[in-house]
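S.K.: File my_file_19.cif below, mmCIF, C-alpha atoms:
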```cif
data_protein
#
loop_
_atom_site.label_atom_id
_atom_site.label_comp_id
_atom_site.auth_asym_id
_atom_site.auth_seq_id
_atom_site.Cartn_x
_atom_site.Cartn_y
_atom_site.Cartn_z
CA MET A 1 131.69 37.38 24.45
CA LYS A 2 135.06 37.15 26.19
CA ARG A 3 136.84 37.84 22.92
CA LEU A 4 134.69 40.95 22.39
CA ALA A 5 135.48 42.19 25.89
CA ALA A 6 139.20 41.60 25.37
CA PHE A 7 139.09 43.42 22.04
CA THR A 8 137.22 46.39 23.59
CA THR A 9 139.72 46.55 26.43
CA ALA A 10 142.64 46.52 24.00
CA ILE A 11 141.12 49.30 21.89
CA MET A 12 140.39 51.45 24.95
CA SER A 13 143.94 50.94 26.21
CA ALA A 14 145.36 51.98 22.85
CA VAL A 15 143.14 55.07 22.74
CA CYS A 16 144.16 56.03 26.28
CA LEU A 17 147.84 55.50 25.47
CA ALA A 18 147.59 57.68 22.39
CA SER A 19 145.71 60.46 24.13
CA CYS A 20 147.91 60.44 27.23
CA SER A 21 151.21 60.18 25.43
CA VAL A 22 153.64 63.11 25.25
CA LYS A 23 153.06 65.37 22.33
CA GLY A 24 156.10 65.79 20.14
CA GLY A 25 157.15 66.50 16.63
CA GLU A 26 155.01 69.62 16.26
CA SER A 27 156.58 72.92 15.32
CA GLY A 28 156.76 75.53 18.07
CA THR A 29 157.91 79.11 18.51
CA VAL A 30 158.83 81.01 21.68
CA ALA A 31 160.36 84.37 22.52
CA ASN A 32 164.16 84.40 22.47
CA GLY A 33 165.59 84.32 26.01
CA LEU A 34 169.15 83.33 25.05
CA GLY A 35 170.55 86.87 24.83
CA GLY A 36 171.84 89.02 27.67
CA GLY A 37 173.59 87.86 30.82
CA TYR A 38 172.50 84.94 33.01
CA GLN A 39 173.80 82.07 35.07
CA SER A 40 172.54 78.53 35.50
CA ALA A 41 173.35 75.45 37.50
CA VAL A 42 174.56 72.83 35.04
CA SER A 43 174.76 69.04 35.04
CA VAL A 44 177.12 67.59 32.46
CA THR A 45 177.49 64.05 31.18
CA ILE A 46 180.27 63.18 28.74
CA GLY A 47 180.48 59.49 28.08
CA ASP A 48 180.93 57.81 31.48
CA MET A 49 181.85 61.03 33.31
CA SER A 50 179.37 63.29 35.11
CA ALA A 51 179.99 66.75 36.54
CA GLU A 52 178.12 69.58 38.25
CA GLY A 53 178.81 73.29 38.26
CA THR A 54 177.67 76.78 37.32
CA VAL A 55 177.64 78.33 33.86
CA LYS A 56 177.57 82.11 33.33
CA ARG A 57 176.93 84.02 30.11
CA PHE A 58 177.95 87.68 30.30
CA GLY A 59 177.28 88.47 26.65
CA GLU A 60 178.16 87.25 23.18
CA GLY A 61 181.44 85.36 23.31
CA MET A 62 181.84 85.89 27.06
CA TRP A 63 181.17 82.74 29.08
CA GLU A 64 182.39 81.01 32.20
CA ILE A 65 181.96 77.59 33.80
CA GLU A 66 183.07 76.62 37.31
CA PHE A 67 182.94 73.00 38.41
CA GLU A 68 181.76 71.84 41.82
CA SER A 69 182.04 68.08 41.28
CA PRO A 70 183.53 65.53 40.88
CA ASN A 71 186.48 66.10 43.19
CA SER A 72 188.90 65.89 40.26
CA LEU A 73 187.26 68.99 38.71
CA ALA A 74 186.00 70.88 41.78
CA GLY A 75 187.28 74.46 41.89
CA ILE A 76 188.35 74.61 38.24
CA LYS A 77 187.01 77.64 36.36
CA LEU A 78 187.13 78.03 32.60
CA SER A 79 186.58 81.48 31.07
CA PHE A 80 186.00 82.32 27.42
CA THR A 81 186.46 85.93 26.29
CA ASP A 82 187.60 87.62 23.06
CA GLY A 83 188.72 84.38 21.44
CA THR A 84 190.77 83.30 24.47
CA ALA A 85 190.15 80.41 26.85
CA GLU A 86 191.54 80.72 30.40
CA ALA A 87 191.68 78.04 33.09
CA GLU A 88 191.98 78.92 36.79
CA TYR A 89 192.56 76.65 39.78
CA LYS A 90 193.68 77.56 43.30
CA GLY A 91 195.27 80.84 42.25
CA LEU A 92 197.01 79.40 39.20
CA SER A 93 195.91 80.19 35.66
CA PHE A 94 196.87 79.82 32.03
CA SER A 95 195.26 80.84 28.77
CA VAL A 96 195.26 79.62 25.16
CA PRO A 97 193.56 80.81 21.98
CA GLN A 98 190.16 79.18 21.58
CA SER A 99 191.27 78.15 18.10
CA ALA A 100 193.82 75.85 19.74
CA LEU A 101 191.09 73.83 21.47
CA PRO A 102 189.66 70.72 19.78
CA VAL A 103 186.49 71.21 17.73
CA LYS A 104 184.66 68.81 20.06
CA ALA A 105 185.36 71.01 23.12
CA MET A 106 182.13 71.11 25.13
CA MET A 107 181.98 74.80 25.94
CA LEU A 108 183.04 75.98 22.47
CA ASN A 109 180.12 74.12 20.92
CA LEU A 110 177.67 75.37 23.54
CA ILE A 111 178.85 78.96 23.07
CA GLU A 112 178.64 78.79 19.28
CA ALA A 113 175.15 77.29 19.33
CA VAL A 114 173.66 79.62 21.95
CA ASP A 115 175.33 82.81 20.70
CA GLY A 116 174.28 81.98 17.15
CA HIS A 117 170.60 81.56 18.07
CA SER A 118 170.61 84.50 20.50
CA LYS A 119 170.55 86.91 17.55
CA SER A 120 167.09 85.79 16.36
CA ASP A 121 163.88 87.54 17.36
CA SER A 122 162.27 84.22 18.26
CA LEU A 123 163.22 80.57 18.57
CA LYS A 124 161.65 77.88 16.42
CA GLY A 125 161.94 74.14 16.74
CA GLU A 126 160.20 70.94 17.67
CA GLU A 127 157.83 71.24 20.60
CA ASN A 128 158.10 68.59 23.29
CA ASN A 129 156.52 68.78 26.74
CA GLY A 130 156.30 72.56 26.47
CA ASP A 131 159.99 72.89 25.56
CA ILE A 132 161.40 73.76 22.16
CA LYS A 133 164.17 71.57 20.73
CA ILE A 134 166.30 73.25 18.08
CA SER A 135 168.49 71.03 15.93
CA GLY A 136 171.61 72.18 14.13
CA ARG A 137 175.09 71.27 13.05
CA LEU A 138 178.48 72.69 14.02
CA GLU A 139 181.99 71.76 13.02
CA GLY A 140 182.06 69.65 16.18
CA GLY A 141 178.96 67.68 15.16
CA ASP A 142 175.15 67.68 15.25
CA TYR A 143 173.47 69.22 18.27
CA THR A 144 170.11 69.79 19.91
CA LEU A 145 169.55 72.99 21.87
CA THR A 146 166.59 72.95 24.27
CA VAL A 147 164.83 76.05 25.60
CA ASP A 148 161.83 76.33 27.91
CA LYS A 149 158.55 78.16 27.30
CA ASN A 150 160.30 81.46 28.08
CA GLY A 151 163.06 80.80 25.57
CA SER A 152 165.64 80.30 28.33
CA LEU A 153 168.47 77.79 28.04
CA LYS A 154 167.47 74.36 29.36
CA GLY A 155 169.58 71.76 27.59
CA PHE A 156 172.31 71.08 25.07
CA SER A 157 173.32 67.73 23.64
CA MET A 158 175.63 66.32 20.98
CA PRO A 159 174.97 62.59 20.56
CA ASN A 160 178.08 61.92 18.49
CA ASN A 161 180.20 63.41 21.28
CA GLU A 162 178.22 61.59 24.00
CA LEU A 163 177.55 65.01 25.54
CA THR A 164 174.46 66.07 27.50
CA MET A 165 174.13 69.32 29.45
CA SER A 166 171.09 70.25 31.56
CA PHE A 167 170.56 73.77 32.90
CA THR A 168 168.42 74.79 35.90
CA GLU A 169 168.01 77.78 38.25
CA ASN A 170 168.47 80.25 35.40
CA VAL A 171 168.83 83.79 36.80
CA PRO A 172 169.85 87.06 35.10
CA ILE A 173 173.21 88.70 35.84
CA SER A 174 174.79 91.94 34.66
CA GLY A 175 178.29 93.28 34.25
CA LEU A 176 181.54 91.83 32.94
CA PRO A 177 183.16 88.69 34.43
CA GLU A 178 185.58 90.71 36.61
CA GLU A 179 182.76 92.88 37.95
CA THR A 180 180.59 89.88 38.75
CA SER A 181 183.46 88.11 40.52
CA ALA A 182 184.20 91.26 42.53
CA ALA A 183 180.53 91.54 43.50
CA ASP A 184 180.52 87.90 44.63
CA SER A 185 183.68 88.48 46.71
CA GLU A 186 182.17 91.60 48.28
CA THR A 187 179.02 89.67 49.17
CA GLU A 188 181.11 86.92 50.77
CA SER A 189 183.13 89.52 52.73
CA VAL A 190 179.99 91.24 53.99
CA THR A 191 178.50 87.91 55.01
CA ALA A 192 181.70 86.94 56.84
CA SER A 193 181.79 90.34 58.57
CA ASP A 194 178.16 90.08 59.63
CA THR A 195 178.79 86.59 60.98
CA ALA A 196 181.82 87.79 62.97
CA ASP A 197 179.86 90.77 64.40
CA SER A 198 177.02 88.45 65.35
CA GLU A 199 179.40 86.05 67.10
CA THR A 200 181.09 88.93 68.96
CA SER A 201 177.73 90.27 70.07
CA THR A 202 176.60 86.83 71.21
CA ALA A 203 179.83 86.34 73.15
CA GLY A 204 179.35 89.74 74.84
CA ASN A 205 175.81 88.89 75.83
CA THR A 206 176.98 85.58 77.22
#
```
Here is a file; write its structure as structure tokens.
M.R.:
Amino acid sequence: MKRLAAFTTAIMSAVCLASCSVKGGESGTVANGLGGGYQSAVSVTIGDMSAEGTVKRFGEGMWEIEFESPNSLAGIKLSFTDGTAEAEYKGLSFSVPQSALPVKAMMLNLIEAVDGHSKSDSLKGEENNGDIKISGRLEGGDYTLTVDKNGSLKGFSMPNNELTMSFTENVPISGLPEETSAADSETESVTASDTADSETSTAGNT
């Protein structure tokens, strides 16, 4: 009797595990949300190093990433436009042809994968937890591009390069890099001006 009860319990546990497990391996299709302009918060892991920042896509071939952490990378901005890569830090900048960068360069692989898939009407891949994982191969190695149910960028990984990128807070943007930067600066100036006016008014009331 005890053996029967144990067997029944084991079978029920297995059935529950199978029915409650994450579905994966099935083919899925979603609308393509990789085109156009948008920005996302990004978390990057390359080997033992981790970093946080913001990635912006202005259009095909026009990307930007600015790091916020760790301290050794904070404030560095990398821009990719018209086949040129530019690095900026504290008012200093230099540029090189993208062709001069190593094939394993993180952003070059991300740009090539996303821009390549952005031209399709829809995105097809392996469905997992509501996301779609798209596998492919670049000169830099094999990759997996992950999009959410809206087809928006959610993840990018290259196991052979020990690279994992996760994207959150995806919001649309418009305009070219210079225009977007100018708009950000104008917003900061207005905010600073409003703060100063508020402080002056408070001081007067005091």
S.K.: Would you translate the PyMOL selection byres ((chain A and resi 159) around 10) into the concrete set of residues it matches in this file, as a PDB file with C-alpha atoms, in the frame of the given file?
M.R.:
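File produced: expr-v3.pdb:
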```pdb
ATOM      1  CA  ILE A  46     180.270  63.180  28.740  1.00  0.00           C
ATOM      2  CA  GLY A  47     180.480  59.490  28.080  1.00  0.00           C
ATOM      3  CA  GLY A 141     178.960  67.680  15.160  1.00  0.00           C
ATOM      4  CA  ASP A 142     175.150  67.680  15.250  1.00  0.00           C
ATOM      5  CA  TYR A 143     173.470  69.220  18.270  1.00  0.00           C
ATOM      6  CA  THR A 144     170.110  69.790  19.910  1.00  0.00           C
ATOM      7  CA  PHE A 156     172.310  71.080  25.070  1.00  0.00           C
ATOM      8  CA  SER A 157     173.320  67.730  23.640  1.00  0.00           C
ATOM      9  CA  MET A 158     175.630  66.320  20.980  1.00  0.00           C
ATOM     10  CA  ASN A 160     178.080  61.920  18.490  1.00  0.00           C
ATOM     11  CA  ASN A 161     180.200  63.410  21.280  1.00  0.00           C
ATOM     12  CA  GLU A 162     178.220  61.590  24.000  1.00  0.00           C
ATOM     13  CA  LEU A 163     177.550  65.010  25.540  1.00  0.00           C
ATOM     14  CA  THR A 164     174.460  66.070  27.500  1.00  0.00           C
TER      15      THR A 164
END
```
S.K.: Around the point (179.9, 79.6, 33.4), in the coordinates given by the file, pick out the residues reaching within 10 Å, counting all atoms listed in the file, and return them as JSON, numbers by chain.
M.R.: {"A": [38, 39, 40, 41, 42, 53, 54, 55, 56, 57, 58, 62, 63, 64, 65, 66, 67, 77, 78, 79, 80, 107, 177]}
S.K.: Next, write the just-selected residues to a file, as a CSV table (one decimal), keeping the file's coordinate frame, keeping C-alpha atoms as the atom set.
M.R.:
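See selection.csv below for the written result:
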```csv
chain,number,residue,atom,x,y,z
A,38,TYR,CA,172.5,84.9,33.0
A,39,GLN,CA,173.8,82.1,35.1
A,40,SER,CA,172.5,78.5,35.5
A,41,ALA,CA,173.4,75.4,37.5
A,42,VAL,CA,174.6,72.8,35.0
A,53,GLY,CA,178.8,73.3,38.3
A,54,THR,CA,177.7,76.8,37.3
A,55,VAL,CA,177.6,78.3,33.9
A,56,LYS,CA,177.6,82.1,33.3
A,57,ARG,CA,176.9,84.0,30.1
A,58,PHE,CA,178.0,87.7,30.3
A,62,MET,CA,181.8,85.9,27.1
A,63,TRP,CA,181.2,82.7,29.1
A,64,GLU,CA,182.4,81.0,32.2
A,65,ILE,CA,182.0,77.6,33.8
A,66,GLU,CA,183.1,76.6,37.3
A,67,PHE,CA,182.9,73.0,38.4
A,77,LYS,CA,187.0,77.6,36.4
A,78,LEU,CA,187.1,78.0,32.6
A,79,SER,CA,186.6,81.5,31.1
A,80,PHE,CA,186.0,82.3,27.4
A,107,MET,CA,182.0,74.8,25.9
A,177,PRO,CA,183.2,88.7,34.4
```
S.K.: Mind pulling up the distance from atom CA of Ser174 of chain A to atom CA of Asp148 of chain A?
M.R.: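 Distance between the two atoms: 21.4 Å.
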S.K.: What is the atom CA of Ala85 of chain A-atom CA of Gln98 of chain A distance in Å, reported with one decimal?
M.R.: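 Computing it gives 5.4 Å between the two atoms.
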S.K.: Work out how far atom CA of Ser120 of chain A is from atom CA of Glu52 of chain A, in Å to one decimal.
M.R.: 29.4 Å
S.K.: Please write as a PyMOL selection string the full residue list that the PyMOL selection byres ((chain A and resi 32) around 9) yields on this file.
M.R.: chain A and resi 30-31+33-35+117-123+147+150-152
S.K.: Under the rule that only C-alpha atoms are counted, which of A:Gly130, A:Pro70, A:Pro102, A:Gly61 is the nearest residue to Glu26 of chain A?
M.R.: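 Checking each candidate against Glu26 of chain A, we get A:Gly130 as the closest.
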S.K.: Give the answer as one residue: which of A:Glu139, A:Glu86, A:Glu60, A:Glu169 has the shortest atom-to-atom distance to Val103 of chain A, using all atoms listed in the file?
M.R.: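 Counting all atoms listed in the file, the residue closest to Val103 of chain A is A:Glu139.
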S.K.: Check what the PyMOL selection byres ((chain A and resi 132) around 7) selects in the file above and give those residues as an MDAnalysis selection string.
M.R.: chainID A and resid 28 125:128 130:131 133:134 146:148
